[in-house]
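Asker: You'll find query-v5.pdb just under this line, and it carries PDB, C-alpha atoms, pLDDT in the B column.
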ATOM      1  CA  MET A   1      94.907-124.504 -25.952  1.00 77.00           C
ATOM      2  CA  SER A   2      95.424-123.788 -29.655  1.00 87.00           C
ATOM      3  CA  THR A   3      92.464-123.146 -31.906  1.00 96.00           C
ATOM      4  CA  ILE A   4      91.861-124.285 -35.469  1.00 98.00           C
ATOM      5  CA  SER A   5      92.738-120.753 -36.572  1.00 97.00           C
ATOM      6  CA  ASP A   6      96.044-120.934 -34.668  1.00 97.00           C
ATOM      7  CA  ASN A   7      96.808-124.338 -36.153  1.00 97.00           C
ATOM      8  CA  LEU A   8      96.074-123.148 -39.662  1.00 98.00           C
ATOM      9  CA  GLN A   9      98.428-120.237 -39.198  1.00 97.00           C
ATOM     10  CA  ALA A  10     101.169-122.576 -37.971  1.00 97.00           C
ATOM     11  CA  VAL A  11     100.726-124.915 -40.961  1.00 97.00           C
ATOM     12  CA  ARG A  12     100.796-122.004 -43.378  1.00 98.00           C
ATOM     13  CA  GLN A  13     103.996-120.771 -41.752  1.00 97.00           C
ATOM     14  CA  GLN A  14     105.508-124.219 -42.169  1.00 96.00           C
ATOM     15  CA  ILE A  15     104.581-124.142 -45.848  1.00 97.00           C
ATOM     16  CA  VAL A  16     106.244-120.751 -46.243  1.00 97.00           C
ATOM     17  CA  PHE A  17     109.392-121.952 -44.474  1.00 96.00           C
ATOM     18  CA  SER A  18     109.570-125.130 -46.569  1.00 96.00           C
ATOM     19  CA  THR A  19     109.071-123.307 -49.857  1.00 96.00           C
ATOM     20  CA  GLN A  20     111.724-120.764 -48.938  1.00 96.00           C
ATOM     21  CA  SER A  21     114.119-123.614 -48.152  1.00 91.00           C
ATOM     22  CA  SER A  22     113.598-125.012 -51.652  1.00 92.00           C
ATOM     23  CA  GLY A  23     113.631-121.671 -53.444  1.00 95.00           C
ATOM     24  CA  ARG A  24     109.941-121.844 -54.282  1.00 95.00           C
ATOM     25  CA  ASP A  25     107.098-119.356 -53.945  1.00 96.00           C
ATOM     26  CA  ALA A  26     104.643-120.277 -51.156  1.00 95.00           C
ATOM     27  CA  ALA A  27     101.809-119.450 -53.551  1.00 96.00           C
ATOM     28  CA  GLU A  28     102.760-122.574 -55.536  1.00 97.00           C
ATOM     29  CA  VAL A  29     101.575-124.837 -52.686  1.00 98.00           C
ATOM     30  CA  ASN A  30      97.878-125.180 -51.887  1.00 98.00           C
ATOM     31  CA  LEU A  31      96.665-126.404 -48.518  1.00 98.00           C
ATOM     32  CA  LEU A  32      93.926-129.033 -48.358  1.00 98.00           C
ATOM     33  CA  ALA A  33      92.406-129.278 -44.872  1.00 98.00           C
ATOM     34  CA  VAL A  34      91.497-132.924 -44.305  1.00 98.00           C
ATOM     35  CA  SER A  35      88.302-132.676 -42.311  1.00 98.00           C
ATOM     36  CA  LYS A  36      87.286-136.358 -42.261  1.00 96.00           C
ATOM     37  CA  THR A  37      85.715-137.423 -38.920  1.00 96.00           C
ATOM     38  CA  PHE A  38      85.407-133.790 -37.808  1.00 97.00           C
ATOM     39  CA  GLY A  39      82.028-132.069 -37.704  1.00 96.00           C
ATOM     40  CA  VAL A  40      80.661-129.177 -39.683  1.00 97.00           C
ATOM     41  CA  GLU A  41      81.572-126.794 -36.860  1.00 97.00           C
ATOM     42  CA  ALA A  42      85.262-127.549 -37.405  1.00 97.00           C
ATOM     43  CA  VAL A  43      84.893-126.892 -41.134  1.00 98.00           C
ATOM     44  CA  LEU A  44      83.170-123.576 -40.480  1.00 98.00           C
ATOM     45  CA  ASP A  45      85.855-122.581 -37.955  1.00 98.00           C
ATOM     46  CA  ALA A  46      88.541-123.274 -40.549  1.00 98.00           C
ATOM     47  CA  ALA A  47      86.571-121.410 -43.198  1.00 98.00           C
ATOM     48  CA  MET A  48      86.328-118.391 -40.891  1.00 97.00           C
ATOM     49  CA  ALA A  49      90.134-118.487 -40.746  1.00 97.00           C
ATOM     50  CA  GLY A  50      90.316-118.336 -44.534  1.00 97.00           C
ATOM     51  CA  GLN A  51      90.520-122.021 -45.489  1.00 98.00           C
ATOM     52  CA  ARG A  52      88.489-122.923 -48.565  1.00 98.00           C
ATOM     53  CA  ALA A  53      89.575-126.404 -49.717  1.00 98.00           C
ATOM     54  CA  PHE A  54      88.559-129.450 -47.658  1.00 98.00           C
ATOM     55  CA  GLY A  55      89.320-133.142 -48.092  1.00 98.00           C
ATOM     56  CA  GLU A  56      87.026-136.002 -47.144  1.00 98.00           C
ATOM     57  CA  ASN A  57      87.494-139.810 -47.095  1.00 96.00           C
ATOM     58  CA  TYR A  58      84.090-141.103 -46.005  1.00 96.00           C
ATOM     59  CA  LEU A  59      81.421-140.503 -48.592  1.00 97.00           C
ATOM     60  CA  GLN A  60      78.178-140.351 -46.618  1.00 96.00           C
ATOM     61  CA  GLU A  61      79.788-138.283 -43.888  1.00 97.00           C
ATOM     62  CA  ALA A  62      81.065-135.914 -46.569  1.00 98.00           C
ATOM     63  CA  ILE A  63      77.697-135.610 -48.312  1.00 98.00           C
ATOM     64  CA  ASP A  64      76.026-134.772 -45.008  1.00 98.00           C
ATOM     65  CA  LYS A  65      78.743-132.233 -44.182  1.00 98.00           C
ATOM     66  CA  ILE A  66      78.517-130.525 -47.571  1.00 98.00           C
ATOM     67  CA  ALA A  67      74.737-130.210 -47.161  1.00 98.00           C
ATOM     68  CA  ALA A  68      75.120-128.853 -43.619  1.00 98.00           C
ATOM     69  CA  VAL A  69      77.579-126.179 -44.727  1.00 98.00           C
ATOM     70  CA  LYS A  70      75.187-125.086 -47.477  1.00 97.00           C
ATOM     71  CA  ARG A  71      72.366-124.881 -44.956  1.00 98.00           C
ATOM     72  CA  LEU A  72      74.308-123.043 -42.247  1.00 98.00           C
ATOM     73  CA  ALA A  73      76.393-120.769 -44.482  1.00 97.00           C
ATOM     74  CA  PRO A  74      74.671-120.542 -47.886  1.00 97.00           C
ATOM     75  CA  ASP A  75      76.973-117.793 -49.153  1.00 97.00           C
ATOM     76  CA  LEU A  76      80.156-119.671 -48.308  1.00 97.00           C
ATOM     77  CA  VAL A  77      81.846-121.209 -51.351  1.00 97.00           C
ATOM     78  CA  LEU A  78      84.076-124.159 -50.483  1.00 98.00           C
ATOM     79  CA  GLU A  79      86.021-126.584 -52.658  1.00 98.00           C
ATOM     80  CA  TRP A  80      85.477-130.230 -51.740  1.00 98.00           C
ATOM     81  CA  HIS A  81      88.052-132.924 -52.533  1.00 98.00           C
ATOM     82  CA  PHE A  82      87.365-136.640 -52.245  1.00 98.00           C
ATOM     83  CA  ILE A  83      90.620-138.276 -51.166  1.00 97.00           C
ATOM     84  CA  GLY A  84      89.599-141.784 -50.074  1.00 93.00           C
ATOM     85  CA  PRO A  85      89.457-145.110 -51.916  1.00 93.00           C
ATOM     86  CA  ILE A  86      86.588-145.289 -54.397  1.00 95.00           C
ATOM     87  CA  GLN A  87      84.088-148.109 -54.745  1.00 93.00           C
ATOM     88  CA  ARG A  88      82.387-148.529 -58.111  1.00 94.00           C
ATOM     89  CA  ASN A  89      78.897-148.133 -56.655  1.00 96.00           C
ATOM     90  CA  LYS A  90      79.780-144.758 -55.092  1.00 96.00           C
ATOM     91  CA  THR A  91      81.130-142.943 -58.148  1.00 98.00           C
ATOM     92  CA  ARG A  92      77.879-141.126 -58.982  1.00 98.00           C
ATOM     93  CA  LEU A  93      77.683-139.332 -55.635  1.00 98.00           C
ATOM     94  CA  ILE A  94      81.347-138.409 -55.898  1.00 98.00           C
ATOM     95  CA  ALA A  95      80.935-137.106 -59.448  1.00 98.00           C
ATOM     96  CA  GLU A  96      77.924-135.036 -58.400  1.00 98.00           C
ATOM     97  CA  ASN A  97      79.280-133.463 -55.214  1.00 98.00           C
ATOM     98  CA  PHE A  98      83.026-132.913 -55.457  1.00 98.00           C
ATOM     99  CA  SER A  99      85.373-130.661 -57.425  1.00 98.00           C
ATOM    100  CA  TRP A 100      88.403-132.925 -57.070  1.00 98.00           C
ATOM    101  CA  VAL A 101      89.079-136.661 -56.713  1.00 98.00           C
ATOM    102  CA  HIS A 102      92.566-137.688 -55.585  1.00 97.00           C
ATOM    103  CA  ALA A 103      92.514-141.475 -55.520  1.00 95.00           C
ATOM    104  CA  VAL A 104      91.743-142.655 -59.064  1.00 98.00           C
ATOM    105  CA  ASP A 105      93.777-145.778 -59.722  1.00 97.00           C
ATOM    106  CA  ARG A 106      91.669-147.800 -62.170  1.00 97.00           C
ATOM    107  CA  LEU A 107      90.344-146.985 -65.622  1.00 98.00           C
ATOM    108  CA  VAL A 108      86.842-148.225 -64.760  1.00 98.00           C
ATOM    109  CA  ILE A 109      86.608-145.705 -61.902  1.00 98.00           C
ATOM    110  CA  ALA A 110      87.729-142.853 -64.152  1.00 98.00           C
ATOM    111  CA  GLU A 111      85.224-143.928 -66.825  1.00 98.00           C
ATOM    112  CA  ARG A 112      82.350-143.986 -64.351  1.00 98.00           C
ATOM    113  CA  LEU A 113      83.276-140.573 -62.937  1.00 98.00           C
ATOM    114  CA  SER A 114      83.393-139.218 -66.490  1.00 98.00           C
ATOM    115  CA  GLU A 115      80.024-140.720 -67.444  1.00 98.00           C
ATOM    116  CA  GLN A 116      78.326-139.592 -64.233  1.00 98.00           C
ATOM    117  CA  ARG A 117      79.646-136.034 -63.999  1.00 98.00           C
ATOM    118  CA  PRO A 118      76.593-133.750 -64.409  1.00 98.00           C
ATOM    119  CA  GLY A 119      76.676-131.679 -67.581  1.00 96.00           C
ATOM    120  CA  HIS A 120      76.040-128.377 -65.785  1.00 97.00           C
ATOM    121  CA  LEU A 121      79.204-128.754 -63.717  1.00 98.00           C
ATOM    122  CA  PRO A 122      82.760-128.050 -64.895  1.00 98.00           C
ATOM    123  CA  PRO A 123      84.997-131.055 -65.579  1.00 98.00           C
ATOM    124  CA  LEU A 124      85.883-133.048 -62.473  1.00 98.00           C
ATOM    125  CA  ASN A 125      89.535-132.596 -61.548  1.00 98.00           C
ATOM    126  CA  VAL A 126      91.230-135.932 -60.867  1.00 98.00           C
ATOM    127  CA  CYS A 127      94.620-137.134 -59.696  1.00 98.00           C
ATOM    128  CA  LEU A 128      96.034-140.545 -60.503  1.00 98.00           C
ATOM    129  CA  GLN A 129      97.034-142.346 -57.300  1.00 98.00           C
ATOM    130  CA  VAL A 130     100.383-144.082 -57.660  1.00 97.00           C
ATOM    131  CA  ASN A 131     101.552-146.823 -55.293  1.00 96.00           C
ATOM    132  CA  ILE A 132     104.926-145.174 -55.153  1.00 93.00           C
ATOM    133  CA  SER A 133     106.352-147.390 -52.356  1.00 87.00           C
ATOM    134  CA  ASP A 134     105.045-150.609 -53.943  1.00 84.00           C
ATOM    135  CA  GLU A 135     103.136-151.642 -50.810  1.00 76.00           C
ATOM    136  CA  SER A 136     100.794-154.608 -51.192  1.00 73.00           C
ATOM    137  CA  SER A 137      98.346-153.090 -48.702  1.00 74.00           C
ATOM    138  CA  LYS A 138      98.133-149.705 -50.441  1.00 80.00           C
ATOM    139  CA  SER A 139      95.832-148.542 -53.193  1.00 87.00           C
ATOM    140  CA  GLY A 140      97.302-146.990 -56.293  1.00 95.00           C
ATOM    141  CA  VAL A 141      98.480-147.997 -59.733  1.00 96.00           C
ATOM    142  CA  PRO A 142     101.975-149.549 -59.799  1.00 95.00           C
ATOM    143  CA  LEU A 143     104.632-147.133 -60.964  1.00 94.00           C
ATOM    144  CA  ASN A 144     105.392-149.184 -64.076  1.00 94.00           C
ATOM    145  CA  GLU A 145     101.731-149.042 -65.171  1.00 96.00           C
ATOM    146  CA  ALA A 146     101.109-145.374 -64.387  1.00 97.00           C
ATOM    147  CA  VAL A 147     102.072-143.889 -67.767  1.00 98.00           C
ATOM    148  CA  ALA A 148      99.672-146.083 -69.733  1.00 98.00           C
ATOM    149  CA  LEU A 149      96.785-145.501 -67.329  1.00 98.00           C
ATOM    150  CA  ALA A 150      97.368-141.732 -67.207  1.00 98.00           C
ATOM    151  CA  LYS A 151      97.184-141.554 -70.995  1.00 98.00           C
ATOM    152  CA  GLN A 152      93.895-143.469 -71.022  1.00 98.00           C
ATOM    153  CA  ILE A 153      92.322-141.286 -68.340  1.00 98.00           C
ATOM    154  CA  ALA A 154      93.443-138.099 -70.072  1.00 98.00           C
ATOM    155  CA  THR A 155      91.246-138.922 -73.081  1.00 98.00           C
ATOM    156  CA  LEU A 156      87.988-139.127 -71.123  1.00 98.00           C
ATOM    157  CA  PRO A 157      85.389-136.330 -71.329  1.00 98.00           C
ATOM    158  CA  HIS A 158      83.891-134.498 -68.340  1.00 98.00           C
ATOM    159  CA  ILE A 159      86.972-135.094 -66.189  1.00 98.00           C
ATOM    160  CA  ARG A 160      90.379-133.439 -66.293  1.00 98.00           C
ATOM    161  CA  LEU A 161      93.508-135.294 -65.284  1.00 98.00           C
ATOM    162  CA  ARG A 162      95.336-132.690 -63.231  1.00 98.00           C
ATOM    163  CA  GLY A 163      98.146-134.634 -61.654  1.00 98.00           C
ATOM    164  CA  LEU A 164      99.442-137.398 -59.438  1.00 98.00           C
ATOM    165  CA  MET A 165      98.879-138.394 -55.815  1.00 98.00           C
ATOM    166  CA  ALA A 166     100.781-140.727 -53.507  1.00 96.00           C
ATOM    167  CA  ILE A 167     100.801-141.856 -49.880  1.00 95.00           C
ATOM    168  CA  PRO A 168     104.259-143.348 -49.331  1.00 95.00           C
ATOM    169  CA  GLU A 169     105.278-145.756 -46.603  1.00 93.00           C
ATOM    170  CA  PRO A 170     105.807-143.710 -43.414  1.00 93.00           C
ATOM    171  CA  GLU A 171     109.349-142.571 -42.652  1.00 95.00           C
ATOM    172  CA  THR A 172     110.686-140.250 -39.971  1.00 96.00           C
ATOM    173  CA  ASP A 173     113.964-139.288 -41.647  1.00 97.00           C
ATOM    174  CA  LEU A 174     113.650-136.292 -43.962  1.00 97.00           C
ATOM    175  CA  ALA A 175     115.998-137.706 -46.590  1.00 97.00           C
ATOM    176  CA  LEU A 176     114.081-141.001 -46.715  1.00 97.00           C
ATOM    177  CA  GLN A 177     110.759-139.147 -46.864  1.00 97.00           C
ATOM    178  CA  ARG A 178     111.954-137.320 -49.963  1.00 97.00           C
ATOM    179  CA  VAL A 179     112.820-140.436 -51.992  1.00 97.00           C
ATOM    180  CA  PRO A 180     109.293-141.546 -53.065  1.00 97.00           C
ATOM    181  CA  TYR A 181     108.211-137.963 -53.658  1.00 97.00           C
ATOM    182  CA  ALA A 182     111.185-137.422 -55.940  1.00 98.00           C
ATOM    183  CA  ALA A 183     110.074-140.500 -57.910  1.00 97.00           C
ATOM    184  CA  LEU A 184     106.544-139.125 -58.230  1.00 98.00           C
ATOM    185  CA  ARG A 185     107.913-135.798 -59.444  1.00 98.00           C
ATOM    186  CA  GLN A 186     109.988-137.597 -62.073  1.00 98.00           C
ATOM    187  CA  LEU A 187     106.853-139.413 -63.245  1.00 98.00           C
ATOM    188  CA  GLN A 188     105.083-136.071 -63.627  1.00 98.00           C
ATOM    189  CA  ILE A 189     107.995-134.749 -65.695  1.00 98.00           C
ATOM    190  CA  GLN A 190     107.892-137.861 -67.868  1.00 98.00           C
ATOM    191  CA  LEU A 191     104.153-137.543 -68.484  1.00 98.00           C
ATOM    192  CA  ASN A 192     104.414-133.851 -69.264  1.00 98.00           C
ATOM    193  CA  GLN A 193     107.164-134.529 -71.769  1.00 98.00           C
ATOM    194  CA  GLN A 194     104.650-136.819 -73.476  1.00 96.00           C
ATOM    195  CA  GLY A 195     102.088-134.027 -73.694  1.00 96.00           C
ATOM    196  CA  LEU A 196      99.808-134.498 -70.672  1.00 97.00           C
ATOM    197  CA  MET A 197     100.633-131.127 -69.029  1.00 94.00           C
ATOM    198  CA  LEU A 198      99.874-132.131 -65.461  1.00 98.00           C
ATOM    199  CA  ASP A 199     100.058-129.245 -62.997  1.00 98.00           C
ATOM    200  CA  THR A 200      99.362-130.951 -59.658  1.00 98.00           C
ATOM    201  CA  LEU A 201     101.412-133.097 -57.280  1.00 98.00           C
ATOM    202  CA  SER A 202      99.125-134.045 -54.379  1.00 98.00           C
ATOM    203  CA  MET A 203     101.694-135.234 -51.883  1.00 97.00           C
ATOM    204  CA  GLY A 204     102.594-134.555 -48.285  1.00 97.00           C
ATOM    205  CA  MET A 205     100.634-134.801 -45.042  1.00 96.00           C
ATOM    206  CA  SER A 206     101.101-133.549 -41.493  1.00 93.00           C
ATOM    207  CA  ALA A 207     104.147-135.748 -40.797  1.00 94.00           C
ATOM    208  CA  ASP A 208     106.051-135.277 -44.057  1.00 96.00           C
ATOM    209  CA  LEU A 209     104.865-131.924 -45.383  1.00 95.00           C
ATOM    210  CA  THR A 210     108.360-130.434 -45.605  1.00 96.00           C
ATOM    211  CA  ALA A 211     109.798-133.364 -47.570  1.00 97.00           C
ATOM    212  CA  ALA A 212     106.933-133.210 -50.054  1.00 98.00           C
ATOM    213  CA  ILE A 213     107.315-129.475 -50.611  1.00 98.00           C
ATOM    214  CA  LEU A 214     111.067-129.820 -51.097  1.00 97.00           C
ATOM    215  CA  GLU A 215     110.285-132.332 -53.864  1.00 98.00           C
ATOM    216  CA  GLY A 216     107.774-130.121 -55.645  1.00 98.00           C
ATOM    217  CA  SER A 217     104.382-130.749 -54.055  1.00 98.00           C
ATOM    218  CA  THR A 218     101.702-128.320 -55.193  1.00 98.00           C
ATOM    219  CA  LEU A 219      99.025-129.559 -52.796  1.00 98.00           C
ATOM    220  CA  VAL A 220      99.542-130.824 -49.242  1.00 98.00           C
ATOM    221  CA  ARG A 221      96.837-132.738 -47.379  1.00 98.00           C
ATOM    222  CA  VAL A 222      96.879-131.786 -43.695  1.00 97.00           C
ATOM    223  CA  GLY A 223      94.366-132.925 -41.098  1.00 97.00           C
ATOM    224  CA  SER A 224      95.565-133.568 -37.568  1.00 94.00           C
ATOM    225  CA  ALA A 225      97.909-130.572 -37.501  1.00 96.00           C
ATOM    226  CA  ILE A 226      94.860-128.384 -38.175  1.00 97.00           C
ATOM    227  CA  PHE A 227      91.949-130.089 -36.445  1.00 96.00           C
ATOM    228  CA  GLY A 228      93.717-132.126 -33.751  1.00 93.00           C
ATOM    229  CA  LYS A 229      93.760-135.827 -32.994  1.00 88.00           C
ATOM    230  CA  ARG A 230      91.020-137.873 -34.616  1.00 83.00           C
ATOM    231  CA  ASP A 231      88.659-140.035 -32.589  1.00 76.00           C
ATOM    232  CA  TYR A 232      87.593-143.033 -34.652  1.00 71.00           C
ATOM    233  CA  ALA A 233      85.863-144.763 -31.734  1.00 64.00           C
ATOM    234  CA  ASN A 234      82.428-143.420 -32.625  1.00 54.00           C
ATOM    235  CA  HIS A 235      82.964-143.308 -36.357  1.00 58.00           C
ATOM    236  CA  ASP A 236      80.549-145.451 -38.322  1.00 51.00           C
ATOM    237  CA  SER A 237      82.544-147.829 -40.512  1.00 43.00           C
ATOM    238  CA  SER A 238      79.576-148.012 -42.902  1.00 41.00           C
ATOM    239  CA  ASN A 239      80.450-144.453 -43.844  1.00 45.00           C
ATOM    240  CA  ALA A 240      83.486-145.704 -45.736  1.00 42.00           C
ATOM    241  CA  SER A 241      83.749-144.801 -49.389  1.00 41.00           C
TER
END
Show the structure stored in the file as structure tokens.

Answerer:
Amino acid sequence: MSTISDNLQAVRQQIVFSTQSSGRDAAEVNLLAVSKTFGVEAVLDAAMAGQRAFGENYLQEAIDKIAAVKRLAPDLVLEWHFIGPIQRNKTRLIAENFSWVHAVDRLVIAERLSEQRPGHLPPLNVCLQVNISDESSKSGVPLNEAVALAKQIATLPHIRLRGLMAIPEPETDLALQRVPYAALRQLQIQLNQQGLMLDTLSMGMSADLTAAILEGSTLVRVGSAIFGKRDYANHDSSNAS
């Protein structure tokens, strides 16, 4: 039976292979281990294998996990990313406890994160979530509204707009997987030409990691390929963001 360490090694090898296939340096792609629904022991196992960046969707679960890591391994420095949908009444806890937020899709959320980021902390890194497949059930700013919103967010203090994030409609064919990621990359190019200087494309998960890297991803969000299958049966829905 494979361990978290084994799985991490396999994912890192896949990243190397995918970057080589696209003529990129593997160092250009950061791995975010999506640890939602998994306990602190899984996080510590991954950290022992060298993983330092972790993504969480459920706010209270994440807060408890961050506190547990600090208690059990006080010298361990981890980078916590909030990657789930954001409710207005939860922005303060997110601003206080995370280094990155990947799912900003409304100006009011960005404004609240900016206002509530503690002054002793560095600016909060944020990604604008784009509804790149134009799905009615998905969060994210529509593609045709993304430029205007990105420019507004970029002016706010205490946060730093680092890039774009998307969760496209699932596809199994590699060529089809690449299409929405290519569109997101073109949006990044467009914004940078207008002076925003975004350096992050948060795109690609366990099932479409290779397609995302081929289209320029700088940060892939991988959970099940590292930690195994999730069990939501005992997960408290009140933990949602």

Asker: Run through the PyMOL selection byres ((chain A and resi 132) around 7) on the given coordinates and return the selected residues as a PyMOL selection string.

Answerer: chain A and resi 130-131+133-134+143+166+168+180+184

Asker: Carefully work through the PyMOL selection byres ((chain A and resi 207) around 12) for this structure and note down the residues it includes, as a VMD selection string.

Answerer: chain A and resid 11 14 167 to 174 177 203 to 206 208 to 212 220 to 225

Asker: To box stretch 185-188 of chain A, take all atoms listed in the file, fit an axis-aligned box, add 5 Å on each side, and give centre and edge lengths in Å to one decimal, as JSON.

Answerer:
{"center_x": 107.5, "center_y": -137.6, "center_z": -61.5, "size_x": 14.9, "size_y": 13.6, "size_z": 14.2}

Asker: For A:Val40, which of A:Val108, A:Val69, A:Ala53, A:Ala27 is the closest residue, counting all atoms listed in the file?

Answerer: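 Closest to A:Val40 of all the choices is A:Val69.
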
Asker: Starting from the shown file, work through the PyMOL selection byres ((chain A and resi 192) around 12) and note down what comes out as a list in words.

Answerer: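 Selection result, ordered by chain and number: Val147, Ala150, Lys151, Ala154, Leu161, Arg162, Gly163, Leu164, Arg185, Gln186, Leu187, Gln188, Ile189, Gln190, Leu191, Gln193, Gln194, Gly195, Leu196, Met197, Leu198, Asp199 and Thr200 of chain A.
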
Asker: Could you take the residues named above and write them with C-alpha atoms, as an mmCIF file, in the coordinates of the input?

Answerer:
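Written out: result_0.cif:
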data_model
loop_
_atom_site.group_PDB
_atom_site.id
_atom_site.type_symbol
_atom_site.label_atom_id
_atom_site.label_comp_id
_atom_site.auth_asym_id
_atom_site.auth_seq_id
_atom_site.Cartn_x
_atom_site.Cartn_y
_atom_site.Cartn_z
ATOM 1 C CA VAL A 147 102.072 -143.889 -67.767
ATOM 2 C CA ALA A 150 97.368 -141.732 -67.207
ATOM 3 C CA LYS A 151 97.184 -141.554 -70.995
ATOM 4 C CA ALA A 154 93.443 -138.099 -70.072
ATOM 5 C CA LEU A 161 93.508 -135.294 -65.284
ATOM 6 C CA ARG A 162 95.336 -132.690 -63.231
ATOM 7 C CA GLY A 163 98.146 -134.634 -61.654
ATOM 8 C CA LEU A 164 99.442 -137.398 -59.438
ATOM 9 C CA ARG A 185 107.913 -135.798 -59.444
ATOM 10 C CA GLN A 186 109.988 -137.597 -62.073
ATOM 11 C CA LEU A 187 106.853 -139.413 -63.245
ATOM 12 C CA GLN A 188 105.083 -136.071 -63.627
ATOM 13 C CA ILE A 189 107.995 -134.749 -65.695
ATOM 14 C CA GLN A 190 107.892 -137.861 -67.868
ATOM 15 C CA LEU A 191 104.153 -137.543 -68.484
ATOM 16 C CA GLN A 193 107.164 -134.529 -71.769
ATOM 17 C CA GLN A 194 104.650 -136.819 -73.476
ATOM 18 C CA GLY A 195 102.088 -134.027 -73.694
ATOM 19 C CA LEU A 196 99.808 -134.498 -70.672
ATOM 20 C CA MET A 197 100.633 -131.127 -69.029
ATOM 21 C CA LEU A 198 99.874 -132.131 -65.461
ATOM 22 C CA ASP A 199 100.058 -129.245 -62.997
ATOM 23 C CA THR A 200 99.362 -130.951 -59.658
#

Asker: Using only C-alpha atoms, what table do you get, as a Markdown table, when you list each residue of stretch 90-183 of chain A with an atom no more than 6 Å from stretch 71-82 of chain A, its nearest pair of atoms, and their distance in Å rounded to one decimal, rows by chain then rising number?

Answerer:
| residue | atom | partner | partner_atom | distance |
| --- | --- | --- | --- | --- |
| A:Phe98 | CA | A:Trp80 | CA | 5.2 |
| A:Ser99 | CA | A:Trp80 | CA | 5.7 |
| A:Trp100 | CA | A:His81 | CA | 4.6 |
| A:Val101 | CA | A:Phe82 | CA | 4.8 |

Asker: Distance cut-off 9 Å, centre (89.2, -135.3, -37.6) in file coordinates, counting all atoms listed in the file: which residues qualify? Return them as JSON, numbers by chain.

Answerer: {"A": [34, 35, 36, 37, 38, 39, 42, 223, 224, 226, 227, 228, 229, 230, 231, 232]}

Asker: Do you have the atom CA of A:Cys127-atom CA of A:His102 distance handy?

Answerer: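 Atom-to-atom, atom CA of A:Cys127 to atom CA of A:His102, that is 4.6 Å.
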
Asker: Need the shell around A:Asn89: protein/DNA/RNA residues with any atom at most 12 Å away, counting all atoms listed in the file. Skip same-chain ones fewer than 5 positions apart. Format as a ChimeraX atom specification?

Answerer: /A:59,94-95,108-109,112-113,116,241

Asker: Using all atoms listed in the file, which residues sit within 12 Å of A:Gly23 once same-chain residues fewer than 4 positions away are excluded, as a PDB file with C-alpha atoms, in the coordinates of the input?

Answerer:
ATOM      1  CA  VAL A  16     106.244-120.751 -46.243  1.00 97.00           C
ATOM      2  CA  PHE A  17     109.392-121.952 -44.474  1.00 96.00           C
ATOM      3  CA  SER A  18     109.570-125.130 -46.569  1.00 96.00           C
ATOM      4  CA  THR A  19     109.071-123.307 -49.857  1.00 96.00           C
ATOM      5  CA  GLU A  28     102.760-122.574 -55.536  1.00 97.00           C
ATOM      6  CA  ILE A 213     107.315-129.475 -50.611  1.00 98.00           C
ATOM      7  CA  LEU A 214     111.067-129.820 -51.097  1.00 97.00           C
ATOM      8  CA  GLU A 215     110.285-132.332 -53.864  1.00 98.00           C
ATOM      9  CA  GLY A 216     107.774-130.121 -55.645  1.00 98.00           C
TER      10      GLY A 216
END

Asker: When distances are computed from all atoms listed in the file, which of A:Ala183, A:Ile159, A:Ala33, A:Leu93 shows the smallest separation from A:Ser217?

Answerer: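 Ranking A:Ala183, A:Ile159, A:Ala33, A:Leu93 by distance to A:Ser217, first place goes to A:Ala183.
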
Asker: Please measure the separation of atom CA of A:Val29 and atom CA of A:Ala182, giving the value in Å to one decimal.

Answerer: 16.2 Å

Asker: I'd like to know which of A:Asp45, A:Glu111, A:Glu56, A:Asp64 is closest to A:Pro85, using all atoms listed in the file.

Answerer: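 Among the listed residues, A:Glu56 lies closest to A:Pro85.
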
Asker: Can you tell me, as a list in words, what residues are no more than 12 Å from A:Gln9 when counting all atoms listed in the file, ignoring any on the same chain fewer than 6 positions away?

Answerer: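 The contact residues come out as Ser2, Thr3, Ile15, Val16, Leu31, Ala46, Ala49, Gly50, Gln51, Ala225 and Ile226 of chain A.
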